[in-house]
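Have a look at the structure below, then the notes.
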Amino acid sequence: MFKAILIEKDNAGYRAGLTEMDDARLPDGDVTVRVAYSSLNYKDGLAITGKGPVVRSFPMVPGIDLVGTVEASSHAAYQAGDTVVLNGWGVGEVHWGGLAQRARLKGDWLVPLPAAFTPRQAMAIGTAGYTAMLCVLALERHGVTPDKGEILVTGAAGGVGSVALALLARLGYTVVASTGRAAEADYLKSLGAAEIIDRNLLSVPGKPLARERWAGAVDTVGSHTLANVCAAMKYRGVVAACGLAQGADLPATVMPFILRGVTLAGVDSVYCPRPDRLEAWQRLARDLDPAVLESLTTEIGLGEAVAVATELMAGQVRGRVVVDVNR
């Protein structure tokens, strides 16, 4: 028997709660993992609260991240005792995820836990931090270097935004943080923000082209915010877009792209190929300060996950939330 958060949808409605279940209910997979930690991401919040159509089959154990120890494996790359990390691959959406004490998964979805991190630190990073690193890599691959000018991070107090800000600052970039939470100003400055701007400057309809300011940007918000970010990019600036906290729409024009040569680089972490995943985790091991990581992390027990997911969707959670599934 093991404990898990279970989402159900039936004639009684949509609900999520802590339950206990038998190993026989675990889905198919060639690796069984004893989970140590999971995390709460924006997508987990959508799934648990039902505020977004994230879950595509029921019942579902949410949790797009997990780290744990292999208990049984028929996959050639893993054996009992290995410590592994999982991010994405539809886990928590179409395949039971990490907010449980046990998981059965496809070995092809896993990566070894980097030696630089403890299991808890791996989940403090989680999909949010791994996505942030993919965004930084996208900027680098398109030639955005620290000398090119300011980098904007939207949704900066969130999980992806916090890690992106910390990474970029440590790499020598001048980072401007956009947030709707003025109370988090000191927190964002502690992560390396050179300036903080109110998200309302970006979240309303704007002009097709604005004054050139940003050499690069990491956008976690979408909608009008992303449109306005694109409109204010410098010539040949680059936007790494990875989120839709404001909305999935993009009310923009082609002007920034055809008049300033702006690049809009989409960043997907869910089905990202294994070589890119390994590169991102290697770079996190090199470029993310563990002390900073700890400062942006809150730990909760499995039984608290449903309540904290509601707070997350209400914008009341900053940084990263690690879930100890065994307490």
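Chain lettering (A, B, ...) mirrors the order of the structure tokens, residue numbering begins at 1 for each chain separately, and ligand numbering begins at 1 in order of display.
Those residues in segment 179-235 of chain A carrying a DSSP assignment of alpha helix (DSSP H), computed from the backbone, are A:Ala185, A:Asp186, A:Tyr187, A:Leu188, A:Lys189, A:Ser190, A:Leu191, A:Ser223, A:His224, A:Thr225, A:Leu226, A:Ala227, A:Asn228, A:Val229, A:Cys230, A:Ala231.
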Residue selection dump (N, CA and C atoms) as a PDB file, in the first residue's frame:
```
ATOM      1  N   ALA A 185       9.645  42.277  -3.914  1.00  0.00           N
ATOM      2  CA  ALA A 185      10.764  43.037  -4.471  1.00  0.00           C
ATOM      3  C   ALA A 185      12.097  42.630  -3.844  1.00  0.00           C
ATOM      4  N   ASP A 186      12.153  42.530  -2.533  1.00  0.00           N
ATOM      5  CA  ASP A 186      13.413  42.163  -1.875  1.00  0.00           C
ATOM      6  C   ASP A 186      13.831  40.747  -2.262  1.00  0.00           C
ATOM      7  N   TYR A 187      12.867  39.865  -2.336  1.00  0.00           N
ATOM      8  CA  TYR A 187      13.144  38.482  -2.751  1.00  0.00           C
ATOM      9  C   TYR A 187      13.757  38.452  -4.151  1.00  0.00           C
ATOM     10  N   LEU A 188      13.174  39.188  -5.083  1.00  0.00           N
ATOM     11  CA  LEU A 188      13.673  39.196  -6.465  1.00  0.00           C
ATOM     12  C   LEU A 188      15.055  39.836  -6.552  1.00  0.00           C
ATOM     13  N   LYS A 189      15.273  40.870  -5.772  1.00  0.00           N
ATOM     14  CA  LYS A 189      16.609  41.477  -5.752  1.00  0.00           C
ATOM     15  C   LYS A 189      17.644  40.516  -5.180  1.00  0.00           C
ATOM     16  N   SER A 190      17.227  39.702  -4.205  1.00  0.00           N
ATOM     17  CA  SER A 190      18.163  38.736  -3.625  1.00  0.00           C
ATOM     18  C   SER A 190      18.557  37.665  -4.641  1.00  0.00           C
ATOM     19  N   LEU A 191      17.705  37.442  -5.635  1.00  0.00           N
ATOM     20  CA  LEU A 191      18.010  36.478  -6.694  1.00  0.00           C
ATOM     21  C   LEU A 191      18.867  37.096  -7.798  1.00  0.00           C
ATOM     22  N   SER A 223      -0.050  35.771 -23.786  1.00  0.00           N
ATOM     23  CA  SER A 223      -1.087  36.766 -24.036  1.00  0.00           C
ATOM     24  C   SER A 223      -0.504  38.156 -24.314  1.00  0.00           C
ATOM     25  N   HIS A 224      -1.153  39.210 -23.765  1.00  0.00           N
ATOM     26  CA  HIS A 224      -0.713  40.587 -24.034  1.00  0.00           C
ATOM     27  C   HIS A 224       0.709  40.821 -23.545  1.00  0.00           C
ATOM     28  N   THR A 225       1.083  40.149 -22.469  1.00  0.00           N
ATOM     29  CA  THR A 225       2.436  40.328 -21.942  1.00  0.00           C
ATOM     30  C   THR A 225       3.472  39.920 -22.977  1.00  0.00           C
ATOM     31  N   LEU A 226       3.305  38.750 -23.559  1.00  0.00           N
ATOM     32  CA  LEU A 226       4.258  38.285 -24.563  1.00  0.00           C
ATOM     33  C   LEU A 226       4.242  39.198 -25.791  1.00  0.00           C
ATOM     34  N   ALA A 227       3.066  39.649 -26.190  1.00  0.00           N
ATOM     35  CA  ALA A 227       2.984  40.565 -27.336  1.00  0.00           C
ATOM     36  C   ALA A 227       3.764  41.843 -27.063  1.00  0.00           C
ATOM     37  N   ASN A 228       3.620  42.392 -25.858  1.00  0.00           N
ATOM     38  CA  ASN A 228       4.319  43.629 -25.520  1.00  0.00           C
ATOM     39  C   ASN A 228       5.818  43.420 -25.357  1.00  0.00           C
ATOM     40  N   VAL A 229       6.204  42.250 -24.865  1.00  0.00           N
ATOM     41  CA  VAL A 229       7.625  41.937 -24.772  1.00  0.00           C
ATOM     42  C   VAL A 229       8.240  41.909 -26.173  1.00  0.00           C
ATOM     43  N   CYS A 230       7.584  41.226 -27.093  1.00  0.00           N
ATOM     44  CA  CYS A 230       8.082  41.168 -28.479  1.00  0.00           C
ATOM     45  C   CYS A 230       8.180  42.563 -29.089  1.00  0.00           C
ATOM     46  N   ALA A 231       7.201  43.401 -28.791  1.00  0.00           N
ATOM     47  CA  ALA A 231       7.168  44.747 -29.375  1.00  0.00           C
ATOM     48  C   ALA A 231       8.309  45.624 -28.890  1.00  0.00           C
TER      49      ALA A 231
END
```
Each residue of segment 35-54 of chain A with at least one atom at most 10 Å from segment 93-116 of chain A should appear once, together with its nearest atom pair and the corresponding distance in Å (one decimal); atoms considered: only C-alpha atoms; ordering: chain, then increasing residue number; output as a tab-separated table.
```
residue	atom	partner	partner_atom	distance
A:Val35	CA	A:Gln101	CA	5.0
A:Ala36	CA	A:Gln101	CA	7.1
A:Tyr37	CA	A:Gly98	CA	7.8
A:Ser38	CA	A:Gly98	CA	5.5
A:Ser39	CA	A:Leu99	CA	7.6
A:Leu40	CA	A:Leu99	CA	8.7
A:Lys43	CA	A:Glu93	CA	9.2
A:Asp44	CA	A:Glu93	CA	9.0
A:Ala47	CA	A:Glu93	CA	7.8
A:Pro53	CA	A:Glu93	CA	9.3
A:Val54	CA	A:Glu93	CA	5.9
```
Could you turn the residues from that selection into a file that holds C-alpha atoms, as a PDB file, in the first residue's frame?
```
ATOM      1  CA  VAL A  35       9.442   8.238  -4.690  1.00  0.00           C
ATOM      2  CA  ALA A  36      11.295  10.493  -2.261  1.00  0.00           C
ATOM      3  CA  TYR A  37      10.134  13.939  -3.360  1.00  0.00           C
ATOM      4  CA  SER A  38       7.871  15.570  -5.898  1.00  0.00           C
ATOM      5  CA  SER A  39       7.018  19.230  -6.439  1.00  0.00           C
ATOM      6  CA  LEU A  40       4.131  21.563  -7.187  1.00  0.00           C
ATOM      7  CA  LYS A  43       0.468  22.667 -14.286  1.00  0.00           C
ATOM      8  CA  ASP A  44      -0.015  20.617 -11.103  1.00  0.00           C
ATOM      9  CA  ALA A  47      -4.688  19.663 -12.517  1.00  0.00           C
ATOM     10  CA  PRO A  53      -7.981  20.841 -18.850  1.00  0.00           C
ATOM     11  CA  VAL A  54      -4.653  19.283 -17.884  1.00  0.00           C
TER      12      VAL A  54
END
```
Exercise for the section: Show which residues sit within 12 Å of segment 247-254 of chain A, as JSON, numbers by chain. Count only C-alpha atoms, and ignore same-chain residues fewer than 4 positions away. Expected result: {"A": [52, 203, 204, 205, 206, 207, 208, 209, 219, 220, 221, 222, 223, 224, 225, 226, 227, 228, 229, 230, 231, 232, 241, 242, 243, 258, 259, 260, 261, 262, 263, 264]}
Put those residues in a file: N, CA, C and O atoms, as a short mmCIF file (atom, residue, chain, number, x, y, z; two decimals), in the first residue's frame.
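Saved as out_9.cif:
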```
data_model
loop_
_atom_site.label_atom_id
_atom_site.label_comp_id
_atom_site.auth_asym_id
_atom_site.auth_seq_id
_atom_site.Cartn_x
_atom_site.Cartn_y
_atom_site.Cartn_z
N GLY A 52 -7.83 24.03 -15.22
CA GLY A 52 -7.39 23.89 -16.61
C GLY A 52 -7.55 22.45 -17.05
O GLY A 52 -7.47 21.53 -16.22
N SER A 203 0.82 43.91 -19.28
CA SER A 203 -0.31 42.98 -19.36
C SER A 203 -1.55 43.53 -20.05
O SER A 203 -2.55 42.83 -20.17
N VAL A 204 -1.50 44.77 -20.50
CA VAL A 204 -2.64 45.36 -21.21
C VAL A 204 -2.29 45.55 -22.68
O VAL A 204 -1.11 45.54 -23.05
N PRO A 205 -3.29 45.69 -23.56
CA PRO A 205 -2.99 45.87 -24.99
C PRO A 205 -2.02 47.02 -25.24
O PRO A 205 -2.14 48.09 -24.62
N GLY A 206 -1.05 46.77 -26.10
CA GLY A 206 -0.03 47.78 -26.39
C GLY A 206 0.12 48.03 -27.88
O GLY A 206 -0.69 47.58 -28.69
N LYS A 207 1.19 48.73 -28.23
CA LYS A 207 1.44 49.08 -29.63
C LYS A 207 2.13 47.91 -30.35
O LYS A 207 2.81 47.10 -29.73
N PRO A 208 1.99 47.86 -31.67
CA PRO A 208 2.68 46.81 -32.44
C PRO A 208 4.19 46.87 -32.27
O PRO A 208 4.85 45.84 -32.24
N LEU A 209 4.73 48.10 -32.13
CA LEU A 209 6.15 48.29 -31.86
C LEU A 209 6.30 49.31 -30.74
O LEU A 209 5.62 50.33 -30.75
N ASP A 219 9.74 34.53 -21.08
CA ASP A 219 8.34 34.84 -20.82
C ASP A 219 7.59 33.60 -20.35
O ASP A 219 7.55 32.59 -21.05
N THR A 220 6.99 33.70 -19.17
CA THR A 220 6.20 32.60 -18.61
C THR A 220 4.71 32.91 -18.63
O THR A 220 3.93 32.16 -18.07
N VAL A 221 4.33 34.01 -19.29
CA VAL A 221 3.00 34.57 -19.09
C VAL A 221 2.11 34.47 -20.32
O VAL A 221 0.91 34.18 -20.23
N GLY A 222 2.65 34.73 -21.52
CA GLY A 222 1.85 34.68 -22.73
C GLY A 222 0.94 35.89 -22.89
O GLY A 222 1.11 36.93 -22.25
N SER A 223 -0.05 35.77 -23.79
CA SER A 223 -1.09 36.77 -24.04
C SER A 223 -0.50 38.16 -24.31
O SER A 223 0.50 38.29 -25.02
N HIS A 224 -1.15 39.21 -23.77
CA HIS A 224 -0.71 40.59 -24.03
C HIS A 224 0.71 40.82 -23.54
O HIS A 224 1.46 41.61 -24.15
N THR A 225 1.08 40.15 -22.47
CA THR A 225 2.44 40.33 -21.94
C THR A 225 3.47 39.92 -22.98
O THR A 225 4.42 40.67 -23.27
N LEU A 226 3.31 38.75 -23.56
CA LEU A 226 4.26 38.29 -24.56
C LEU A 226 4.24 39.20 -25.79
O LEU A 226 5.31 39.50 -26.36
N ALA A 227 3.07 39.65 -26.19
CA ALA A 227 2.98 40.56 -27.34
C ALA A 227 3.76 41.84 -27.06
O ALA A 227 4.50 42.34 -27.93
N ASN A 228 3.62 42.39 -25.86
CA ASN A 228 4.32 43.63 -25.52
C ASN A 228 5.82 43.42 -25.36
O ASN A 228 6.62 44.31 -25.66
N VAL A 229 6.20 42.25 -24.87
CA VAL A 229 7.63 41.94 -24.77
C VAL A 229 8.24 41.91 -26.17
O VAL A 229 9.30 42.51 -26.42
N CYS A 230 7.58 41.23 -27.09
CA CYS A 230 8.08 41.17 -28.48
C CYS A 230 8.18 42.56 -29.09
O CYS A 230 9.15 42.88 -29.79
N ALA A 231 7.20 43.40 -28.79
CA ALA A 231 7.17 44.75 -29.37
C ALA A 231 8.31 45.62 -28.89
O ALA A 231 8.69 46.58 -29.56
N ALA A 232 8.88 45.31 -27.71
CA ALA A 232 9.94 46.15 -27.14
C ALA A 232 11.32 45.51 -27.23
O ALA A 232 12.27 45.96 -26.58
N ALA A 241 9.85 31.69 -24.93
CA ALA A 241 8.48 31.64 -24.39
C ALA A 241 8.16 30.24 -23.91
O ALA A 241 8.30 29.27 -24.66
N CYS A 242 7.70 30.14 -22.66
CA CYS A 242 7.47 28.81 -22.09
C CYS A 242 6.20 28.71 -21.25
O CYS A 242 5.97 27.66 -20.63
N GLY A 243 5.39 29.77 -21.17
CA GLY A 243 4.24 29.69 -20.27
C GLY A 243 3.04 30.49 -20.74
O GLY A 243 3.11 31.24 -21.72
N ILE A 258 9.42 41.14 -38.58
CA ILE A 258 9.87 41.49 -39.93
C ILE A 258 10.59 42.83 -40.00
O ILE A 258 11.29 43.11 -40.98
N LEU A 259 10.45 43.68 -38.97
CA LEU A 259 11.13 44.97 -38.98
C LEU A 259 12.36 44.99 -38.07
O LEU A 259 13.29 45.76 -38.32
N ARG A 260 12.37 44.14 -37.04
CA ARG A 260 13.51 44.12 -36.12
C ARG A 260 14.20 42.76 -36.07
O ARG A 260 15.17 42.59 -35.34
N GLY A 261 13.70 41.81 -36.82
CA GLY A 261 14.34 40.49 -36.84
C GLY A 261 14.27 39.76 -35.52
O GLY A 261 15.15 38.96 -35.19
N VAL A 262 13.21 40.02 -34.75
CA VAL A 262 13.06 39.39 -33.44
C VAL A 262 12.80 37.89 -33.62
O VAL A 262 12.08 37.46 -34.52
N THR A 263 13.37 37.10 -32.73
CA THR A 263 13.14 35.65 -32.72
C THR A 263 12.26 35.30 -31.53
O THR A 263 12.57 35.67 -30.39
N LEU A 264 11.18 34.57 -31.80
CA LEU A 264 10.34 34.02 -30.75
C LEU A 264 10.65 32.53 -30.67
O LEU A 264 10.27 31.75 -31.55
#
```
Handout entry: Spatial neighbours of segment 170-172 of chain A, max dist 9 Å, only C-alpha atoms, sep filter under 4 positions, as an MDAnalysis selection string
Key = chainID A and resid 145:147 165:166 191:192 287:289
Problem - Point-to-point distance from atom CA of Leu244 of chain A to atom CA of Ala314 of chain A, Å rounded to tenths - result: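 The value is 14.9 Å.
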Fill in the blank from the handout: Restricting to only C-alpha atoms, whichever of A:Ala183, A:Leu46, A:Ala194, A:Leu293 is closest to Leu312 of chain A is A:Leu46
Could you tell me, as a compact mmCIF listing (two decimals) with all heavy atoms, in the first residue's frame, which residues of segment 51-193 of chain A DSSP assigns to strand (DSSP E or B) when given the backbone?
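What ended up in selection.txt:
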```txt
# COMPACT_ATOMS: atom_id res chain seq x y z
N MET A 60 -6.50 10.03 -11.82
CA MET A 60 -5.13 10.44 -12.13
C MET A 60 -4.39 10.84 -10.87
O MET A 60 -4.92 11.55 -10.02
CB MET A 60 -5.15 11.63 -13.11
CG MET A 60 -3.78 12.19 -13.47
SD MET A 60 -2.67 10.99 -14.24
CE MET A 60 -3.62 10.49 -15.67
N ASP A 65 6.70 16.02 -11.75
CA ASP A 65 8.09 15.80 -11.34
C ASP A 65 8.16 14.69 -10.30
O ASP A 65 7.24 14.53 -9.49
CB ASP A 65 8.67 17.06 -10.65
CG ASP A 65 8.89 18.21 -11.58
OD1 ASP A 65 9.16 17.98 -12.77
OD2 ASP A 65 8.81 19.36 -11.11
N LEU A 66 9.28 14.00 -10.28
CA LEU A 66 9.57 13.12 -9.15
C LEU A 66 11.05 12.78 -9.13
O LEU A 66 11.74 12.83 -10.15
CB LEU A 66 8.73 11.84 -9.17
CG LEU A 66 8.94 10.82 -10.28
CD1 LEU A 66 10.09 9.86 -9.99
CD2 LEU A 66 7.66 10.01 -10.49
N VAL A 67 11.52 12.42 -7.95
CA VAL A 67 12.86 11.86 -7.79
C VAL A 67 12.74 10.72 -6.79
O VAL A 67 11.95 10.79 -5.84
CB VAL A 67 13.87 12.92 -7.29
CG1 VAL A 67 13.49 13.46 -5.92
CG2 VAL A 67 15.29 12.36 -7.26
N GLY A 68 13.46 9.64 -7.05
CA GLY A 68 13.36 8.51 -6.14
C GLY A 68 14.34 7.40 -6.51
O GLY A 68 15.21 7.57 -7.37
N THR A 69 14.16 6.28 -5.86
CA THR A 69 15.06 5.14 -6.01
C THR A 69 14.38 4.01 -6.77
O THR A 69 13.23 3.65 -6.45
CB THR A 69 15.51 4.63 -4.64
OG1 THR A 69 16.11 5.70 -3.91
CG2 THR A 69 16.52 3.50 -4.78
N VAL A 70 15.05 3.47 -7.75
CA VAL A 70 14.51 2.35 -8.51
C VAL A 70 14.39 1.12 -7.61
O VAL A 70 15.35 0.72 -6.95
CB VAL A 70 15.40 2.03 -9.73
CG1 VAL A 70 14.92 0.76 -10.45
CG2 VAL A 70 15.43 3.21 -10.70
N GLU A 71 13.19 0.55 -7.58
CA GLU A 71 12.96 -0.68 -6.82
C GLU A 71 13.00 -1.92 -7.71
O GLU A 71 13.46 -2.97 -7.29
CB GLU A 71 11.61 -0.61 -6.09
CG GLU A 71 11.60 0.32 -4.91
CD GLU A 71 10.39 0.09 -4.02
OE1 GLU A 71 9.35 -0.36 -4.52
OE2 GLU A 71 10.49 0.37 -2.81
N ALA A 72 12.49 -1.77 -8.93
CA ALA A 72 12.48 -2.88 -9.88
C ALA A 72 12.57 -2.31 -11.28
O ALA A 72 12.01 -1.24 -11.56
CB ALA A 72 11.22 -3.71 -9.72
N SER A 73 13.30 -2.99 -12.17
CA SER A 73 13.47 -2.48 -13.52
C SER A 73 13.73 -3.62 -14.51
O SER A 73 14.52 -4.52 -14.24
CB SER A 73 14.66 -1.50 -13.58
OG SER A 73 14.96 -1.13 -14.91
N THR A 83 19.23 6.13 -8.40
CA THR A 83 18.40 7.30 -8.10
C THR A 83 18.12 8.05 -9.40
O THR A 83 19.05 8.37 -10.15
CB THR A 83 19.10 8.23 -7.10
OG1 THR A 83 19.46 7.48 -5.95
CG2 THR A 83 18.18 9.36 -6.68
N VAL A 84 16.85 8.30 -9.67
CA VAL A 84 16.43 8.84 -10.96
C VAL A 84 15.52 10.04 -10.78
O VAL A 84 14.88 10.21 -9.75
CB VAL A 84 15.72 7.76 -11.80
CG1 VAL A 84 16.69 6.65 -12.20
CG2 VAL A 84 14.53 7.17 -11.04
N VAL A 85 15.47 10.86 -11.84
CA VAL A 85 14.63 12.05 -11.88
C VAL A 85 13.72 11.95 -13.09
O VAL A 85 14.13 11.46 -14.15
CB VAL A 85 15.49 13.32 -12.01
CG1 VAL A 85 14.62 14.57 -12.11
CG2 VAL A 85 16.45 13.44 -10.82
N LEU A 86 12.50 12.41 -12.92
CA LEU A 86 11.57 12.49 -14.05
C LEU A 86 10.96 13.88 -14.11
O LEU A 86 10.55 14.43 -13.09
CB LEU A 86 10.46 11.44 -13.92
CG LEU A 86 9.47 11.48 -15.10
CD1 LEU A 86 9.13 10.09 -15.59
CD2 LEU A 86 8.19 12.23 -14.72
N ASN A 87 10.89 14.43 -15.31
CA ASN A 87 10.21 15.71 -15.57
C ASN A 87 9.39 15.56 -16.85
O ASN A 87 9.93 15.25 -17.91
CB ASN A 87 11.20 16.86 -15.77
CG ASN A 87 12.22 16.98 -14.66
OD1 ASN A 87 13.39 16.71 -14.88
ND2 ASN A 87 11.80 17.37 -13.47
N VAL A 91 3.44 12.79 -17.67
CA VAL A 91 3.19 12.24 -16.34
C VAL A 91 2.39 13.27 -15.53
O VAL A 91 2.66 14.46 -15.55
CB VAL A 91 4.52 11.90 -15.65
CG1 VAL A 91 4.31 11.58 -14.19
CG2 VAL A 91 5.19 10.73 -16.37
N HIS A 95 -0.48 9.82 -17.56
CA HIS A 95 0.15 8.69 -16.86
C HIS A 95 0.36 9.11 -15.42
O HIS A 95 0.78 10.25 -15.16
CB HIS A 95 1.49 8.35 -17.52
CG HIS A 95 2.13 7.10 -17.01
ND1 HIS A 95 2.02 5.90 -17.66
CD2 HIS A 95 2.88 6.86 -15.90
CE1 HIS A 95 2.69 4.96 -16.99
NE2 HIS A 95 3.21 5.53 -15.92
N ALA A 100 2.93 10.86 -5.12
CA ALA A 100 2.63 9.55 -4.56
C ALA A 100 3.93 8.96 -4.03
O ALA A 100 5.02 9.40 -4.38
CB ALA A 100 2.04 8.64 -5.63
N ARG A 102 4.87 5.88 -4.60
CA ARG A 102 5.38 4.93 -5.58
C ARG A 102 4.92 5.35 -6.97
O ARG A 102 3.85 5.95 -7.14
CB ARG A 102 4.90 3.51 -5.27
CG ARG A 102 5.53 2.93 -4.02
CD ARG A 102 4.91 1.60 -3.62
NE ARG A 102 5.20 0.52 -4.56
CZ ARG A 102 6.35 -0.14 -4.61
NH1 ARG A 102 7.33 0.18 -3.78
NH2 ARG A 102 6.53 -1.13 -5.45
N ALA A 103 5.72 5.00 -7.97
CA ALA A 103 5.37 5.29 -9.36
C ALA A 103 5.93 4.19 -10.26
O ALA A 103 6.99 3.62 -9.97
CB ALA A 103 5.95 6.64 -9.78
N ARG A 104 5.18 3.89 -11.31
CA ARG A 104 5.68 2.95 -12.32
C ARG A 104 5.70 3.70 -13.65
O ARG A 104 4.70 4.28 -14.07
CB ARG A 104 4.80 1.71 -12.40
CG ARG A 104 5.38 0.62 -13.32
CD ARG A 104 4.66 -0.70 -13.14
NE ARG A 104 4.90 -1.28 -11.82
CZ ARG A 104 3.96 -1.87 -11.08
NH1 ARG A 104 2.72 -1.94 -11.52
NH2 ARG A 104 4.27 -2.39 -9.90
N LEU A 105 6.88 3.68 -14.31
CA LEU A 105 7.14 4.58 -15.42
C LEU A 105 7.90 3.87 -16.53
O LEU A 105 8.41 2.77 -16.34
CB LEU A 105 7.99 5.77 -14.93
CG LEU A 105 7.49 6.49 -13.68
CD1 LEU A 105 8.63 7.09 -12.92
CD2 LEU A 105 6.46 7.53 -14.05
N LEU A 110 13.28 8.67 -17.87
CA LEU A 110 14.09 9.00 -16.69
C LEU A 110 15.48 9.50 -17.06
O LEU A 110 16.00 9.19 -18.13
CB LEU A 110 14.22 7.76 -15.81
CG LEU A 110 12.93 7.08 -15.37
CD1 LEU A 110 13.23 5.75 -14.68
CD2 LEU A 110 12.12 7.99 -14.46
N VAL A 111 16.05 10.26 -16.16
CA VAL A 111 17.48 10.60 -16.24
C VAL A 111 18.09 10.33 -14.87
O VAL A 111 17.41 10.41 -13.84
CB VAL A 111 17.72 12.07 -16.65
CG1 VAL A 111 17.17 12.36 -18.03
CG2 VAL A 111 17.13 13.03 -15.63
N PRO A 112 19.39 9.99 -14.83
CA PRO A 112 20.03 9.78 -13.53
C PRO A 112 20.09 11.09 -12.74
O PRO A 112 20.24 12.17 -13.32
CB PRO A 112 21.44 9.31 -13.91
CG PRO A 112 21.35 8.87 -15.33
CD PRO A 112 20.29 9.72 -15.96
N ILE A 151 17.96 41.77 -19.98
CA ILE A 151 17.11 40.61 -20.18
C ILE A 151 15.89 40.75 -19.28
O ILE A 151 16.03 41.04 -18.08
CB ILE A 151 17.83 39.30 -19.83
CG1 ILE A 151 19.18 39.21 -20.54
CG2 ILE A 151 16.94 38.09 -20.17
CD1 ILE A 151 19.11 39.17 -22.04
N LEU A 152 14.71 40.56 -19.83
CA LEU A 152 13.47 40.64 -19.05
C LEU A 152 13.00 39.23 -18.69
O LEU A 152 13.03 38.33 -19.52
CB LEU A 152 12.38 41.33 -19.88
CG LEU A 152 10.99 41.39 -19.24
CD1 LEU A 152 10.99 42.33 -18.03
CD2 LEU A 152 9.94 41.83 -20.26
N VAL A 153 12.58 39.07 -17.44
CA VAL A 153 11.94 37.82 -17.01
C VAL A 153 10.54 38.18 -16.52
O VAL A 153 10.39 38.95 -15.57
CB VAL A 153 12.72 37.12 -15.89
CG1 VAL A 153 11.96 35.89 -15.40
CG2 VAL A 153 14.11 36.71 -16.39
N VAL A 175 19.42 41.65 -15.40
CA VAL A 175 18.08 41.07 -15.47
C VAL A 175 17.06 42.02 -14.84
O VAL A 175 17.25 42.51 -13.71
CB VAL A 175 18.03 39.71 -14.76
CG1 VAL A 175 16.70 39.01 -15.07
CG2 VAL A 175 19.20 38.83 -15.18
N VAL A 176 15.98 42.25 -15.57
CA VAL A 176 14.85 43.02 -15.08
C VAL A 176 13.71 42.06 -14.81
O VAL A 176 13.36 41.24 -15.67
CB VAL A 176 14.43 44.11 -16.08
CG1 VAL A 176 13.20 44.85 -15.58
CG2 VAL A 176 15.59 45.08 -16.32
N ALA A 177 13.13 42.13 -13.63
CA ALA A 177 12.06 41.21 -13.23
C ALA A 177 10.71 41.89 -13.31
O ALA A 177 10.52 42.99 -12.77
CB ALA A 177 12.30 40.73 -11.80
N SER A 178 9.76 41.26 -13.99
CA SER A 178 8.39 41.74 -14.05
C SER A 178 7.53 40.89 -13.12
O SER A 178 7.55 39.66 -13.21
CB SER A 178 7.85 41.65 -15.48
OG SER A 178 6.45 41.86 -15.51
N THR A 179 6.78 41.55 -12.24
CA THR A 179 5.93 40.82 -11.30
C THR A 179 4.73 41.66 -10.92
O THR A 179 4.78 42.89 -10.99
CB THR A 179 6.71 40.43 -10.02
OG1 THR A 179 5.87 39.65 -9.17
CG2 THR A 179 7.19 41.66 -9.27
```
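Nearest-residue note for Gln282 of chain A: choosing from A:Val239, A:Arg141, A:Tyr130, A:Gly45, the minimum distance belongs to A:Tyr130, counting only C-alpha atoms.
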